[in-house]
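Step one of this worksheet: look at the structure below.
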Amino acid sequence: YERYVEQGHIIQGGFVEGLSDGAGGIASLAIALLCLCGGLVSMTRLMKVFLMGKARRYIIMATRVNDYVAMLIGALITIIVQSSSVTTSALTPLAGIGILPLKKMLPLTLGANIGTTVTALIASIAAYTHDAIHIALCHLFFNIIGILVWFPLPTMRRVPLHAARLLGLYASYFRVFPAFYVMMTFVAG
C-alpha cells in the first residue's frame with residue numbers, strides 16, 4: 001500500500017508524463033477548460049450562422065408549442081444525447097441571440113433535467129442494487145418536485161425567469177460576472 005499509493009505517482013503516461021502529479025493535474029485541467037470553452041464559443045458562433053437562415057423558421061415554429069410539450073421535447077432530446085448539459089449548452093446560445101425566447105427555455109431546461117434522470121435510472125437498473133435504484137429515484141423525484149414548485153403557477157415561474165434576466169443583464173455589463181458567479185456559487189459555496 002505504502003509503495004503504490006502513498007509514494008506512487010498517479011500520472012504514469014500521456015502528454016503530462018514528465019510533470020509531478022499536482023502540476024500534471026493543473027495542466028490537464030487548464031487544457032480541458034480551454035477546450036471546453038473553445039468548443040462552446042465555436043458552437044455558439046456556428047449556431048448563429050446556421051440559424052439565421054431557414055432553420056430559424058423551424059425553431060420559431062417549435063417555440064409555439066405548449067410549455068408542457070416543450071418540457072417533453074427537452075426530456076426527449078436529453079434522453080437521446082444522454083446529457084442535460086449538452087442540451088442546455090446547445091439551447092443557451094439560441095436564447096442568447098434571441099431565437100429561443102427565455103419563456104420557452106425554462107420548460108426545455110426543466111425537461112432536460114427530467115431527461116437526465118433517465119440515464120441514472122438505466123444505470124441503477126443495470127447495477128440492480130437497492131442503493132443505486134434508491135439514489136436514482138431520489139434524483140428523479142427531486143427534479144419532479146422542483147418542477148411542481150417552480151413551473152405550474154405563472155407567478156412562481158416568473159422567479160427563475162426574472163433571475164435569469166437579471167444575471168444576463170449583469171453579464172452584459174460586467175464581462176467577469178459569469179466567472180465570478182460560477183466561482184461563488186459552485187466553488188466557494
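The way I read the labels, and the way they are meant: chains A, B, ... in the order of the C-alpha cells, residue 1 as the first residue of every chain, and ligand 1 as the first ligand shown, with later ones counted on from there.
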
Running DSSP on the backbone, which parts of region 51-160 of chain A land in alpha helix (DSSP H), as a PyMOL selection string?
chain A and resi 54-62+67-81+84-96+102-127+130-150+154-160

Give me, as a list in words, all polymer residues having an atom no more than 12 Å from Phe151 (chain A), counting only C-alpha atoms and skipping those fewer than 4 positions away in the same chain.
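Here the answer would be Asp67, Tyr68, Met71, Lys103, Lys104, Leu106, Pro107, Leu108, Thr109, Leu110, Gly111, Asn143, Ile144, Ile145, Gly146, Ile147, Thr155, Met156, Arg157, Arg158, Val159, Pro160 and Leu161 of chain A.
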
Could the residues in this selection be written to a file with N, CA and C atoms, as an mmCIF file, in the first residue's frame?
data_model
loop_
_atom_site.group_PDB
_atom_site.id
_atom_site.type_symbol
_atom_site.label_atom_id
_atom_site.label_comp_id
_atom_site.auth_asym_id
_atom_site.auth_seq_id
_atom_site.Cartn_x
_atom_site.Cartn_y
_atom_site.Cartn_z
ATOM 1 N N ASP A 67 -46.131 24.667 -23.275
ATOM 2 C CA ASP A 67 -44.962 24.574 -22.410
ATOM 3 C C ASP A 67 -44.708 23.149 -21.935
ATOM 4 N N TYR A 68 -45.749 22.387 -21.698
ATOM 5 C CA TYR A 68 -45.578 21.006 -21.248
ATOM 6 C C TYR A 68 -45.055 20.128 -22.379
ATOM 7 N N MET A 71 -41.455 20.889 -22.508
ATOM 8 C CA MET A 71 -40.764 20.149 -21.451
ATOM 9 C C MET A 71 -40.504 18.706 -21.903
ATOM 10 N N LYS A 103 -38.882 32.391 -22.059
ATOM 11 C CA LYS A 103 -40.047 31.684 -21.537
ATOM 12 C C LYS A 103 -40.136 30.255 -22.057
ATOM 13 N N LYS A 104 -39.549 29.978 -23.228
ATOM 14 C CA LYS A 104 -39.514 28.611 -23.758
ATOM 15 C C LYS A 104 -38.259 27.874 -23.298
ATOM 16 N N LEU A 106 -37.072 27.897 -20.308
ATOM 17 C CA LEU A 106 -37.338 27.316 -18.992
ATOM 18 C C LEU A 106 -37.940 25.913 -19.087
ATOM 19 N N PRO A 107 -39.042 25.688 -19.829
ATOM 20 C CA PRO A 107 -39.570 24.324 -19.890
ATOM 21 C C PRO A 107 -38.624 23.340 -20.584
ATOM 22 N N LEU A 108 -37.871 23.815 -21.578
ATOM 23 C CA LEU A 108 -36.908 22.929 -22.224
ATOM 24 C C LEU A 108 -35.822 22.499 -21.242
ATOM 25 N N THR A 109 -35.358 23.424 -20.413
ATOM 26 C CA THR A 109 -34.338 23.104 -19.418
ATOM 27 C C THR A 109 -34.894 22.185 -18.335
ATOM 28 N N LEU A 110 -36.109 22.446 -17.894
ATOM 29 C CA LEU A 110 -36.726 21.568 -16.896
ATOM 30 C C LEU A 110 -36.921 20.160 -17.464
ATOM 31 N N GLY A 111 -37.317 20.084 -18.723
ATOM 32 C CA GLY A 111 -37.438 18.785 -19.372
ATOM 33 C C GLY A 111 -36.090 18.089 -19.482
ATOM 34 N N ASN A 143 -36.139 16.295 -9.035
ATOM 35 C CA ASN A 143 -36.417 17.124 -10.211
ATOM 36 C C ASN A 143 -37.912 17.321 -10.424
ATOM 37 N N ILE A 144 -38.707 16.280 -10.198
ATOM 38 C CA ILE A 144 -40.159 16.405 -10.365
ATOM 39 C C ILE A 144 -40.735 17.381 -9.341
ATOM 40 N N ILE A 145 -40.277 17.285 -8.099
ATOM 41 C CA ILE A 145 -40.771 18.205 -7.062
ATOM 42 C C ILE A 145 -40.353 19.636 -7.390
ATOM 43 N N GLY A 146 -39.134 19.812 -7.879
ATOM 44 C CA GLY A 146 -38.691 21.151 -8.285
ATOM 45 C C GLY A 146 -39.570 21.726 -9.387
ATOM 46 N N ILE A 147 -39.950 20.901 -10.340
ATOM 47 C CA ILE A 147 -40.836 21.352 -11.411
ATOM 48 C C ILE A 147 -42.210 21.685 -10.852
ATOM 49 N N THR A 155 -46.966 32.742 -11.525
ATOM 50 C CA THR A 155 -46.269 33.656 -10.607
ATOM 51 C C THR A 155 -44.966 33.042 -10.107
ATOM 52 N N MET A 156 -44.962 31.746 -9.877
ATOM 53 C CA MET A 156 -43.733 31.074 -9.446
ATOM 54 C C MET A 156 -42.743 30.963 -10.602
ATOM 55 N N ARG A 157 -43.256 30.820 -11.808
ATOM 56 C CA ARG A 157 -42.419 30.721 -12.998
ATOM 57 C C ARG A 157 -41.629 32.007 -13.225
ATOM 58 N N ARG A 158 -42.189 33.124 -12.798
ATOM 59 C CA ARG A 158 -41.523 34.413 -13.002
ATOM 60 C C ARG A 158 -40.233 34.540 -12.198
ATOM 61 N N VAL A 159 -40.138 33.826 -11.072
ATOM 62 C CA VAL A 159 -38.952 33.941 -10.210
ATOM 63 C C VAL A 159 -37.679 33.504 -10.939
ATOM 64 N N PRO A 160 -37.596 32.258 -11.472
ATOM 65 C CA PRO A 160 -36.366 31.904 -12.189
ATOM 66 C C PRO A 160 -36.172 32.690 -13.477
ATOM 67 N N LEU A 161 -37.266 33.073 -14.138
ATOM 68 C CA LEU A 161 -37.133 33.874 -15.357
ATOM 69 C C LEU A 161 -36.558 35.254 -15.048
#

CA of Ala70 (chain A) to CA of Thr116 (chain A), straight-line distance in Å:
15.5 Å

Exercise: Leu137 (chain A) partners within 10 Å, only C-alpha atoms, chain neighbours under 5 positions left out, as an MDAnalysis selection string:
chainID A and resid 117:118 120:121 124 131:132 142:143

Selected residues, C-alpha atoms, written as a PDB file, in the first residue's frame, please.
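result26.pdb, freshly written:
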ATOM      1  CA  THR A 117     -32.619  11.195 -14.645  1.00  0.00           C
ATOM      2  CA  VAL A 118     -33.417   8.501 -17.217  1.00  0.00           C
ATOM      3  CA  ALA A 120     -29.344   7.447 -13.884  1.00  0.00           C
ATOM      4  CA  LEU A 121     -32.368   5.136 -13.774  1.00  0.00           C
ATOM      5  CA  SER A 124     -29.262   1.907 -11.482  1.00  0.00           C
ATOM      6  CA  ASP A 131     -28.923   1.804  -3.040  1.00  0.00           C
ATOM      7  CA  ALA A 132     -28.424   2.542  -6.746  1.00  0.00           C
ATOM      8  CA  PHE A 142     -36.076  15.821  -6.642  1.00  0.00           C
ATOM      9  CA  ASN A 143     -36.417  17.124 -10.211  1.00  0.00           C
TER      10      ASN A 143
END

Which residue, A:Gly22, A:Gly13, A:Gly74, A:Pro93, has the smallest gap to Leu40 (chain A) when you use only C-alpha atoms?
A:Pro93

CA of Thr119 (chain A) sits from CA of Ile79 (chain A) at a separation of 7.2 Å

Which of these, A:Leu34, A:Ser83, A:Arg45, A:Gly25, has the shortest distance to Ile114 (chain A) once you count only C-alpha atoms?
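Of A:Leu34, A:Ser83, A:Arg45, A:Gly25, the one nearest Ile114 (chain A) is A:Ser83, counting only C-alpha atoms.
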
His9 (chain A): which residues within 12 Å, counting only C-alpha atoms, same-chain residues fewer than 6 positions away excluded, as a list in words?
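Residues meeting the cut-off are Glu2, Arg3, Glu17, Gly18, Leu19, Ser20, Asp21, Gly22, Ala23, Gly24 and Gly25 of chain A.
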
Length of the CA of Met183 (chain A) to CA of Cys37 (chain A) vector [Å]:
15.5 Å
